[in-house]
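Enquirer: This is query-v9.tsv, which holds TSV, C-alpha atoms:
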```
chain	number	residue	atom	x	y	z
A	5	MET	CA	-233.38	-25.65	-58.85
A	6	THR	CA	-235.15	-22.95	-60.80
A	7	LEU	CA	-236.70	-19.82	-59.39
A	8	SER	CA	-240.18	-20.95	-60.34
A	9	GLU	CA	-239.66	-24.14	-58.43
A	10	LEU	CA	-238.62	-22.07	-55.45
A	11	GLY	CA	-241.82	-20.06	-55.81
A	12	LEU	CA	-243.84	-23.26	-55.51
A	13	ARG	CA	-242.10	-24.42	-52.37
A	14	SER	CA	-243.96	-23.99	-49.15
A	15	ARG	CA	-242.63	-21.95	-46.28
A	16	VAL	CA	-242.23	-25.14	-44.29
A	17	GLU	CA	-240.02	-26.67	-46.98
A	18	GLU	CA	-237.99	-23.49	-47.21
A	19	ALA	CA	-237.51	-23.41	-43.47
A	20	ALA	CA	-236.45	-27.05	-43.46
A	21	THR	CA	-233.76	-26.46	-46.07
A	22	ALA	CA	-232.73	-23.00	-44.88
A	23	THR	CA	-228.99	-22.60	-44.61
A	24	PRO	CA	-227.79	-19.13	-43.63
A	25	MET	CA	-224.88	-17.76	-45.64
A	26	ASP	CA	-221.71	-17.40	-43.65
A	27	GLU	CA	-219.87	-14.07	-43.60
A	28	ASP	CA	-217.24	-14.95	-46.20
A	29	ALA	CA	-219.77	-16.35	-48.65
A	30	PHE	CA	-222.08	-13.39	-48.20
A	31	ARG	CA	-219.33	-10.80	-48.60
A	32	ALA	CA	-217.98	-12.47	-51.72
A	33	PHE	CA	-221.47	-12.61	-53.21
A	34	TYR	CA	-222.09	-8.97	-52.27
A	35	GLU	CA	-218.83	-7.85	-53.89
A	36	ARG	CA	-219.85	-9.57	-57.10
A	37	THR	CA	-223.42	-8.31	-57.23
A	38	ALA	CA	-223.89	-5.05	-55.28
A	39	ARG	CA	-222.91	-2.61	-58.03
A	40	PRO	CA	-225.02	-4.22	-60.77
A	41	VAL	CA	-228.00	-4.44	-58.41
A	42	TRP	CA	-227.56	-0.79	-57.39
A	43	ALA	CA	-227.38	0.23	-61.06
A	44	TYR	CA	-230.56	-1.73	-61.73
A	45	LEU	CA	-232.39	-0.15	-58.80
A	46	ARG	CA	-231.13	3.30	-59.76
A	47	ARG	CA	-232.46	2.96	-63.28
A	48	ILE	CA	-235.81	1.33	-62.49
A	49	THR	CA	-236.63	3.78	-59.68
A	50	GLY	CA	-234.93	6.87	-61.13
A	51	ASP	CA	-233.73	7.78	-57.63
A	52	ALA	CA	-230.15	7.19	-56.44
A	53	GLN	CA	-231.01	7.74	-52.76
A	54	LEU	CA	-233.88	5.30	-52.96
A	55	ALA	CA	-231.59	2.81	-54.73
A	56	ASP	CA	-229.20	3.03	-51.74
A	57	ASP	CA	-232.00	2.22	-49.31
A	58	LEU	CA	-233.53	-0.55	-51.38
A	59	LEU	CA	-230.12	-2.12	-51.96
A	60	GLN	CA	-229.56	-2.60	-48.23
A	61	GLU	CA	-233.07	-3.91	-47.71
A	62	ALA	CA	-232.73	-6.30	-50.65
A	63	TYR	CA	-229.54	-7.83	-49.25
A	64	TYR	CA	-231.05	-8.13	-45.80
A	65	ARG	CA	-234.08	-9.98	-47.14
A	66	PHE	CA	-231.86	-12.11	-49.31
A	67	TYR	CA	-229.73	-13.00	-46.30
A	68	ARG	CA	-232.78	-13.83	-44.16
A	69	ALA	CA	-234.18	-15.98	-46.97
A	70	SER	CA	-231.19	-18.31	-46.49
A	71	VAL	CA	-230.49	-19.42	-50.04
A	72	ALA	CA	-226.87	-20.35	-49.45
A	73	HIS	CA	-227.44	-23.84	-50.84
A	74	GLU	CA	-228.59	-22.55	-54.22
A	75	ASP	CA	-226.29	-22.03	-57.19
A	76	GLU	CA	-224.92	-18.61	-58.14
A	77	SER	CA	-227.33	-18.04	-61.00
A	78	HIS	CA	-230.33	-18.84	-58.83
A	79	ARG	CA	-229.07	-16.60	-56.03
A	80	LYS	CA	-228.64	-13.68	-58.44
A	81	ASN	CA	-232.10	-14.14	-59.91
A	82	TYR	CA	-233.56	-14.36	-56.44
A	83	LEU	CA	-231.78	-11.15	-55.39
A	84	TYR	CA	-233.05	-9.30	-58.46
A	85	ARG	CA	-236.54	-10.56	-57.77
A	86	ILE	CA	-236.37	-9.20	-54.22
A	87	ALA	CA	-235.03	-5.88	-55.51
A	88	THR	CA	-237.78	-5.68	-58.13
A	89	ASN	CA	-240.49	-6.40	-55.58
A	90	LEU	CA	-239.08	-3.81	-53.17
A	91	ALA	CA	-239.06	-1.15	-55.88
A	92	ARG	CA	-242.60	-2.09	-56.88
A	93	ASP	CA	-243.85	-2.01	-53.28
A	94	HIS	CA	-242.21	1.34	-52.71
A	95	ALA	CA	-243.78	2.79	-55.85
A	96	ARG	CA	-247.21	1.53	-54.77
A	97	LYS	CA	-246.87	2.91	-51.25
A	98	HIS	CA	-245.43	6.28	-52.08
A	99	ARG	CA	-246.67	6.85	-55.63
A	100	HIS	CA	-243.05	7.66	-56.31
A	101	GLY	CA	-242.29	9.40	-59.61
A	102	TYR	CA	-239.27	8.68	-61.77
A	103	ASP	CA	-236.53	11.30	-61.26
A	104	VAL	CA	-234.20	12.20	-64.09
A	105	ALA	CA	-230.65	12.75	-62.87
A	106	LEU	CA	-228.72	15.55	-64.50
A	107	PRO	CA	-225.29	14.88	-66.01
A	108	GLY	CA	-222.68	14.83	-63.30
A	109	GLU	CA	-225.16	14.33	-60.49
A	110	GLY	CA	-223.56	11.97	-58.01
A	111	ASP	CA	-220.59	11.66	-60.32
A	112	PRO	CA	-218.00	14.42	-59.76
A	113	ASP	CA	-215.65	13.00	-62.42
A	114	GLN	CA	-218.12	13.88	-65.11
A	115	LEU	CA	-217.98	17.57	-64.23
A	116	ARG	CA	-214.27	17.90	-64.86
A	117	ASP	CA	-213.84	15.37	-67.63
A	118	ASP	CA	-213.37	15.81	-71.36
A	119	GLY	CA	-215.97	16.42	-74.03
A	120	ALA	CA	-216.51	12.75	-74.84
A	121	THR	CA	-217.49	12.05	-71.25
A	122	ALA	CA	-219.82	15.02	-71.30
A	123	VAL	CA	-221.48	13.64	-74.42
A	124	ARG	CA	-221.89	10.27	-72.75
A	125	ALA	CA	-223.34	11.97	-69.66
A	126	HIS	CA	-225.79	13.83	-71.85
A	127	THR	CA	-226.76	10.56	-73.49
A	128	ARG	CA	-227.40	9.13	-70.04
A	129	MET	CA	-229.61	12.09	-69.22
A	130	ASP	CA	-231.52	11.43	-72.43
A	131	LEU	CA	-231.81	7.81	-71.40
A	132	GLY	CA	-233.10	8.90	-67.99
A	133	ARG	CA	-235.72	11.12	-69.58
A	134	ALA	CA	-236.72	8.42	-72.02
A	135	MET	CA	-236.89	5.78	-69.29
A	136	SER	CA	-239.09	8.09	-67.22
A	137	GLN	CA	-241.72	7.80	-69.93
A	138	LEU	CA	-241.81	4.01	-69.75
A	139	GLY	CA	-243.78	1.89	-67.36
A	140	ALA	CA	-242.01	0.28	-64.40
A	141	VAL	CA	-242.18	-3.22	-65.90
A	142	GLN	CA	-240.84	-1.93	-69.22
A	143	ARG	CA	-237.86	-0.33	-67.46
A	144	GLN	CA	-237.19	-3.53	-65.55
A	145	MET	CA	-237.40	-5.75	-68.62
A	146	LEU	CA	-235.22	-3.54	-70.79
A	147	TRP	CA	-232.53	-3.25	-68.16
A	148	LEU	CA	-232.49	-6.96	-67.47
A	149	ALA	CA	-232.41	-7.82	-71.17
A	150	TYR	CA	-229.82	-5.35	-72.43
A	151	ALA	CA	-227.79	-4.09	-69.48
A	152	HIS	CA	-227.79	-7.35	-67.55
A	153	GLY	CA	-228.02	-9.78	-70.48
A	154	SER	CA	-230.75	-11.91	-68.88
A	155	SER	CA	-232.59	-14.57	-70.85
A	156	HIS	CA	-236.35	-14.34	-71.39
A	157	ASP	CA	-236.84	-17.04	-68.79
A	158	GLU	CA	-234.80	-15.15	-66.20
A	159	ILE	CA	-236.64	-11.91	-66.99
A	160	ALA	CA	-239.97	-13.67	-66.52
A	161	GLN	CA	-238.89	-14.98	-63.14
A	162	VAL	CA	-237.56	-11.66	-61.89
A	163	VAL	CA	-240.35	-9.42	-63.17
A	164	GLY	CA	-243.15	-11.90	-62.50
A	165	VAL	CA	-244.67	-12.37	-65.95
A	166	ASN	CA	-245.14	-15.44	-68.14
A	167	THR	CA	-242.09	-16.41	-70.15
A	168	GLY	CA	-244.25	-16.50	-73.28
A	169	ALA	CA	-245.25	-12.87	-72.81
A	170	VAL	CA	-241.69	-11.57	-72.41
A	171	LYS	CA	-240.89	-11.43	-76.11
A	172	ALA	CA	-243.93	-9.30	-77.00
A	173	LEU	CA	-243.59	-7.05	-73.95
A	174	LEU	CA	-239.90	-6.57	-74.59
A	175	TYR	CA	-240.55	-5.76	-78.22
A	176	ARG	CA	-243.03	-3.02	-77.32
A	177	ALA	CA	-240.78	-1.59	-74.60
A	178	ARG	CA	-237.75	-1.59	-76.91
A	179	ARG	CA	-239.72	0.05	-79.72
A	180	LYS	CA	-240.90	2.78	-77.37
A	181	LEU	CA	-237.49	3.46	-75.86
A	182	ALA	CA	-235.75	3.46	-79.24
A	183	THR	CA	-238.28	5.96	-80.55
A	184	LEU	CA	-237.74	8.21	-77.55
A	185	LEU	CA	-233.96	7.94	-77.77
A	186	ARG	CA	-234.01	8.93	-81.41
A	187	GLY	CA	-235.58	12.15	-80.33
A	188	HIS	CA	-239.06	11.43	-81.54
A	189	ASP	CA	-242.17	11.81	-79.47
A	190	LEU	CA	-244.43	8.80	-79.49
A	191	GLY	CA	-246.59	10.38	-82.16
A	192	GLY	CA	-243.65	10.08	-84.56
A	193	LYS	CA	-242.53	13.73	-84.63
A	194	ARG	CA	-238.96	14.78	-84.05
A	195	ALA	CA	-238.64	16.44	-80.64
B	29	MET	CA	-237.95	4.38	-94.04
B	30	THR	CA	-237.83	1.14	-96.06
B	31	SER	CA	-240.82	-1.08	-96.76
B	32	GLU	CA	-239.26	-3.67	-94.43
B	33	GLU	CA	-239.43	-1.20	-91.56
B	34	ASN	CA	-243.10	-0.51	-92.17
B	35	VAL	CA	-244.08	-4.08	-91.39
B	36	PRO	CA	-244.01	-4.70	-87.63
B	37	LYS	CA	-242.17	-7.90	-86.70
B	38	PRO	CA	-242.02	-9.36	-83.22
B	39	ASP	CA	-238.45	-10.60	-83.60
B	40	CYS	CA	-235.54	-11.07	-85.96
B	41	ALA	CA	-233.27	-14.07	-86.50
B	42	ARG	CA	-230.16	-11.86	-86.14
B	43	GLU	CA	-231.32	-10.02	-83.02
B	44	THR	CA	-229.20	-12.12	-80.66
B	45	GLU	CA	-226.17	-11.78	-82.92
B	46	THR	CA	-226.64	-8.01	-82.95
B	47	PHE	CA	-226.90	-7.81	-79.17
B	48	ASP	CA	-223.86	-10.07	-78.73
B	49	ALA	CA	-221.83	-7.78	-81.00
B	50	ILE	CA	-222.83	-4.75	-78.91
B	51	SER	CA	-222.27	-6.36	-75.52
B	52	SER	CA	-218.87	-7.73	-76.55
B	53	GLY	CA	-217.78	-4.32	-77.84
B	54	ALA	CA	-217.48	-5.51	-81.43
B	55	TRP	CA	-220.23	-3.17	-82.65
B	56	PRO	CA	-219.86	-1.32	-84.96
B	57	ASP	CA	-216.23	-1.46	-86.11
B	58	ALA	CA	-215.21	-5.03	-85.30
B	59	CYS	CA	-218.26	-6.85	-86.61
B	60	ASP	CA	-218.74	-8.08	-90.17
B	61	ASP	CA	-220.20	-5.97	-92.94
B	62	SER	CA	-223.22	-8.22	-93.40
B	63	LEU	CA	-224.38	-7.50	-89.84
B	64	ARG	CA	-223.98	-3.76	-90.32
B	65	ALA	CA	-225.90	-3.96	-93.58
B	66	HIS	CA	-228.60	-6.02	-91.90
B	67	VAL	CA	-228.96	-3.57	-89.01
B	68	ALA	CA	-229.29	-0.69	-91.46
B	69	SER	CA	-232.29	-2.37	-93.05
B	70	CYS	CA	-233.89	-4.13	-90.04
B	71	ALA	CA	-236.14	-2.14	-87.70
B	72	ILE	CA	-235.82	-4.72	-84.93
B	73	CYS	CA	-232.02	-4.84	-84.91
B	74	SER	CA	-231.82	-1.09	-85.38
B	75	ASP	CA	-233.88	-0.69	-82.19
B	76	VAL	CA	-231.67	-3.22	-80.44
B	77	VAL	CA	-228.60	-1.17	-81.33
B	78	GLU	CA	-230.21	2.07	-80.17
B	79	VAL	CA	-231.45	0.67	-76.88
B	80	ALA	CA	-228.62	-1.72	-76.01
B	81	THR	CA	-225.83	0.80	-76.62
B	82	ALA	CA	-227.58	3.40	-74.42
B	83	LEU	CA	-228.29	0.91	-71.63
B	84	ILE	CA	-224.83	-0.67	-71.68
B	85	ASP	CA	-223.18	2.76	-71.55
B	86	ASP	CA	-225.45	3.74	-68.68
B	87	ARG	CA	-224.70	0.47	-66.88
B	88	ASP	CA	-220.94	0.89	-67.27
B	89	ALA	CA	-221.11	4.43	-65.86
B	90	ALA	CA	-223.25	3.26	-62.95
B	91	LEU	CA	-220.91	0.35	-62.21
B	92	ARG	CA	-217.93	2.72	-62.07
B	93	HIS	CA	-219.59	5.19	-59.73
B	94	ALA	CA	-222.12	3.10	-57.78
B	95	PRO	CA	-221.91	4.32	-54.15
B	96	VAL	CA	-222.36	0.91	-52.55
B	97	PRO	CA	-221.24	0.49	-48.93
B	98	PRO	CA	-218.40	-1.96	-48.18
B	99	SER	CA	-219.44	-5.57	-47.71
B	100	GLY	CA	-218.13	-5.61	-44.13
B	101	VAL	CA	-220.35	-2.69	-43.17
B	102	VAL	CA	-223.38	-4.30	-44.80
B	103	TRP	CA	-222.70	-7.59	-43.02
B	104	TRP	CA	-222.35	-5.82	-39.65
B	105	ARG	CA	-225.58	-3.85	-40.17
B	106	MET	CA	-227.43	-7.03	-41.09
B	107	GLN	CA	-226.19	-8.80	-37.99
B	108	MET	CA	-227.26	-5.85	-35.79
B	109	ARG	CA	-230.68	-5.74	-37.42
B	110	ALA	CA	-231.15	-9.51	-37.11
B	111	ARG	CA	-230.25	-9.32	-33.41
B	112	ASN	CA	-232.62	-6.40	-32.84
B	113	GLU	CA	-235.43	-8.27	-34.55
B	114	ALA	CA	-234.72	-11.39	-32.50
B	115	ALA	CA	-234.74	-9.32	-29.28
B	116	GLN	CA	-237.97	-7.64	-30.34
B	117	SER	CA	-239.55	-11.01	-31.01
B	118	ALA	CA	-238.43	-12.27	-27.59
B	119	ARG	CA	-239.87	-9.16	-25.94
B	120	ARG	CA	-243.19	-9.77	-27.66
B	121	THR	CA	-243.26	-13.34	-26.36
B	122	VAL	CA	-242.51	-12.17	-22.81
B	123	ILE	CA	-245.26	-9.56	-23.03
B	124	ALA	CA	-247.67	-12.18	-24.35
B	125	VAL	CA	-246.91	-14.49	-21.43
B	126	GLN	CA	-247.29	-11.59	-19.00
B	127	VAL	CA	-250.65	-10.64	-20.49
B	128	ALA	CA	-251.79	-14.27	-20.38
B	129	VAL	CA	-250.79	-14.60	-16.72
B	130	PHE	CA	-252.43	-11.28	-15.86
B	131	ALA	CA	-255.59	-12.39	-17.67
B	132	ALA	CA	-255.65	-15.65	-15.73
B	133	VAL	CA	-255.15	-13.87	-12.39
B	134	LEU	CA	-257.82	-11.31	-13.28
B	135	ALA	CA	-260.21	-14.06	-14.34
B	136	ILE	CA	-259.69	-15.98	-11.09
B	137	ALA	CA	-260.05	-12.82	-9.00
B	138	LEU	CA	-263.25	-11.83	-10.77
B	139	ALA	CA	-264.55	-15.37	-10.47
B	140	MET	CA	-263.95	-15.31	-6.70
B	141	LEU	CA	-265.58	-11.91	-6.37
B	142	GLY	CA	-268.48	-13.04	-8.49
B	143	ASN	CA	-268.87	-16.15	-6.40
B	144	ALA	CA	-268.87	-14.14	-3.17
B	145	TRP	CA	-271.42	-11.71	-4.61
B	146	TRP	CA	-273.63	-14.56	-5.81
B	147	ASN	CA	-273.53	-16.23	-2.42
B	148	LYS	CA	-274.90	-13.07	-0.82
B	149	LEU	CA	-277.93	-12.87	-3.07
B	150	PRO	CA	-281.19	-13.58	-1.25
B	151	HIS	CA	-282.57	-15.93	-3.90
B	152	LEU	CA	-279.66	-18.37	-3.53
B	153	ASP	CA	-281.62	-20.61	-1.25
B	154	GLU	CA	-284.42	-20.86	-3.75
B	155	ILE	CA	-282.04	-21.84	-6.54
B	156	ALA	CA	-280.22	-24.29	-4.34
B	157	ALA	CA	-283.50	-25.73	-3.35
B	158	SER	CA	-284.39	-26.30	-6.98
B	159	GLY	CA	-281.34	-28.54	-7.46
B	160	LEU	CA	-279.14	-26.02	-9.18
B	161	LEU	CA	-276.79	-25.48	-6.27
B	162	VAL	CA	-273.68	-26.45	-8.19
B	163	VAL	CA	-274.51	-24.16	-11.07
B	164	ALA	CA	-275.42	-21.38	-8.73
B	165	GLN	CA	-272.22	-21.66	-6.75
B	166	TRP	CA	-269.71	-22.31	-9.54
B	167	GLY	CA	-271.42	-22.10	-12.88
B	168	VAL	CA	-271.67	-18.32	-13.23
B	169	PRO	CA	-268.19	-17.55	-11.85
B	170	LEU	CA	-266.78	-20.26	-14.04
B	171	LEU	CA	-268.52	-18.84	-17.10
B	172	LEU	CA	-267.25	-15.40	-16.15
B	173	ALA	CA	-263.68	-16.70	-15.87
B	174	VAL	CA	-263.90	-18.50	-19.18
B	175	GLY	CA	-265.37	-15.38	-20.83
B	176	ILE	CA	-262.57	-13.17	-19.57
B	177	TRP	CA	-259.99	-15.73	-20.61
B	178	LEU	CA	-261.45	-16.01	-24.11
B	179	THR	CA	-261.40	-12.25	-24.41
B	180	LEU	CA	-257.86	-11.68	-23.20
B	181	ALA	CA	-256.12	-14.79	-24.58
B	182	PRO	CA	-256.45	-13.68	-28.23
B	183	VAL	CA	-254.87	-10.38	-27.24
B	184	ALA	CA	-251.95	-12.29	-25.79
B	185	VAL	CA	-251.65	-14.42	-28.91
B	186	TRP	CA	-251.81	-11.35	-31.12
B	187	LEU	CA	-249.04	-9.70	-29.16
B	188	ALA	CA	-246.94	-12.81	-29.58
B	189	VAL	CA	-247.27	-13.10	-33.32
B	190	ALA	CA	-247.91	-9.54	-34.50
B	191	LYS	CA	-245.08	-7.69	-36.20
B	192	ASP	CA	-244.41	-4.00	-35.91
```
The structure in this file should be written as structure tokens.

Expert:
Amino acid sequence: MTLSELGLRSRVEEAATATPMDEDAFRAFYERTARPVWAYLRRITGDAQLADDLLQEAYYRFYRASVAHEDESHRKNYLYRIATNLARDHARKHRHGYDVALPGEGDPDQLRDDGATAVRAHTRMDLGRAMSQLGAVQRQMLWLAYAHGSSHDEIAQVVGVNTGAVKALLYRARRKLATLLRGHDLGGKRA
Amino acid sequence: MTSEENVPKPDCARETETFDAISSGAWPDACDDSLRAHVASCAICSDVVEVATALIDDRDAALRHAPVPPSGVVWWRMQMRARNEAAQSARRTVIAVQVAVFAAVLAIALAMLGNAWWNKLPHLDEIAASGLLVVAQWGVPLLLAVGIWLTLAPVAVWLAVAKD
């Protein structure tokens, strides 16, 4: 069953087919997905602390939604959709800005590592700064497409846009991020 | 910048191939020369390389250092929260029943008081004489009781279904 089909199901139908995940199934699913979901939340919100909070809330809502009978791919998409909606709701409620983590923040290994790691950390800071200049939906789409490897259909389901619009939106977001990462401002000048 | 880069294109036929090379770790050294040459001349694939390499590196770092709590702790917290929410829901139902019962008792008490007060009015005999004895004796108290019930019952229902 696809995510869009799930979206069309009534609450009554969902309740009738609800099957809570047992502990073993949930823990195995959590072990497979928690880190990627945290990384996604961290990058779309720009706030590691907020990502911690939203992660726990996302899993709780996922658990209460009782989608144990669905396949793995559907469950993952559903979890990402919950996480995306939580981040969006939080941004609406709190008008939360996008924080840019400094290299080494929350990552002690980076502070005592070699030069190559420091370069990578600096690149991540650049990515953080560049991402902060994108819209929330652009950050979500880019992460899902390139860090998560999602298809256009999956992106559409998670972000809540038409599948047909994903290609154009992704193109614009990618163009913007690539320009920023190359050290140009959006007017075309080198920063 | 080449003339090819000046023309905006929505997509490129080798975009997926480029991304696959990056995500599999083949880019740039282990992929074929034609792909490297293509990326050098294609604005779309050049952007894909720029963006995908940055995001994949960021993802890998985040996956290594993501401070996620152990699954057992998360499961335990979820169970506690689910129990608390169930208890809260049960408390709301109990309160709703209590309010409903209190409303009923209050309505009956007020109806009885109203009836007693009505019976003491001097014009009762005139109304009774006009054939409205039943209404005079029970109609007003009954309306009063129904009015109170209709006022308080929605409060009870709201308490039962409202969330914090």

Enquirer: Please build the interface table for chain A against chain B with a cut-off of 9 Å, listing for each qualifying residue the nearest atom pair and the distance in Å to one decimal; count all atoms listed in the file, order rows by chain and increasing number, and write it as CSV.

Expert:
```
residue,atom,partner,partner_atom,distance
A:Glu27,CA,B:Trp103,CA,7.1
A:Phe30,CA,B:Trp103,CA,7.8
A:Arg31,CA,B:Ser99,CA,5.3
A:Ala32,CA,B:Ser99,CA,8.1
A:Tyr34,CA,B:Ser99,CA,6.3
A:Glu35,CA,B:Ser99,CA,6.6
A:Ala38,CA,B:Val96,CA,6.7
A:Arg39,CA,B:Leu91,CA,5.5
A:Pro40,CA,B:Leu91,CA,6.3
A:Trp42,CA,B:Ala94,CA,6.7
A:Ala43,CA,B:Ala90,CA,5.5
A:Tyr44,CA,B:Arg87,CA,8.1
A:Arg46,CA,B:Ala90,CA,8.5
A:Arg47,CA,B:Asp86,CA,8.9
A:Asp56,CA,B:Val96,CA,7.2
A:Leu59,CA,B:Val96,CA,8.4
A:Gln60,CA,B:Val102,CA,7.3
A:Tyr63,CA,B:Val102,CA,8.4
A:Tyr64,CA,B:Met106,CA,6.0
A:Tyr67,CA,B:Met106,CA,8.3
A:Arg68,CA,B:Ala110,CA,8.4
A:Gly110,CA,B:His93,CA,8.0
A:Asp111,CA,B:His93,CA,6.6
A:Arg124,CA,B:Asp85,CA,7.7
A:Ala125,CA,B:Asp86,CA,8.6
A:Thr127,CA,B:Ala82,CA,7.3
A:Arg128,CA,B:Asp86,CA,5.9
A:Leu131,CA,B:Ala82,CA,6.8
A:Leu146,CA,B:Leu83,CA,8.3
A:Trp147,CA,B:Leu83,CA,6.9
A:Ala149,CA,B:Ala80,CA,8.7
A:Tyr150,CA,B:Ala80,CA,5.2
A:Ala151,CA,B:Ile84,CA,5.0
A:His152,CA,B:Ile84,CA,8.4
A:Gly153,CA,B:Ser51,CA,8.4
A:Lys171,CA,B:Pro38,CA,7.5
A:Ala172,CA,B:Pro38,CA,6.5
A:Tyr175,CA,B:Pro38,CA,6.3
A:Arg176,CA,B:Pro38,CA,8.7
A:Arg178,CA,B:Asp75,CA,6.6
A:Arg179,CA,B:Asp75,CA,6.4
A:Leu181,CA,B:Val79,CA,6.7
A:Ala182,CA,B:Asp75,CA,5.4
A:Thr183,CA,B:Asp75,CA,8.1
A:Leu185,CA,B:Glu78,CA,7.4
A:Arg186,CA,B:Glu78,CA,7.9
```

Enquirer: Would you work out the distance separating atom CA of B:Leu138 from atom CA of B:Gly175, expressed in Å to one decimal?

Expert: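 Interatomic distance, atom CA of B:Leu138 to atom CA of B:Gly175: 10.9 Å.
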
Enquirer: So how far away is atom CA of A:Leu138 from atom CA of A:Gly164, in Å?

Expert: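 Atom CA of A:Leu138 lies at a distance of 17.5 Å from atom CA of A:Gly164.
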
Enquirer: Pick out the residues sitting within 10 Å of B:Leu134, and hand them over as a ChimeraX atom specification; count only C-alpha atoms, and ignore anything fewer than 5 positions along from it in its own chain.

Expert: /B:128-129,139-140,173,176-177,180

Enquirer: So how many Å separate atom CA of A:Ile159 and atom CA of A:Val141, to one decimal?

Expert: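 So the two atoms, atom CA of A:Ile159 and atom CA of A:Val141, lie 10.4 Å apart.
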
Enquirer: Please write out, as AutoDock Vina command-line options, where the centre of an axis-aligned box around all listed atoms of stretch 163-171 of chain A lies and how long its edges are, in Å to one decimal, after adding 3 Å on each side.

Expert:
```
--center_x -242.8 --center_y -13.0 --center_z -69.3 --size_x 10.9 --size_y 13.1 --size_z 19.6
```

Enquirer: Find the residue from A:His156, A:Arg143, A:His94, A:Lys180 that sits nearest to A:Leu58; use all atoms listed in the file when measuring.

Expert: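 Of the candidates, the smallest distance to A:Leu58 is held by A:His94.
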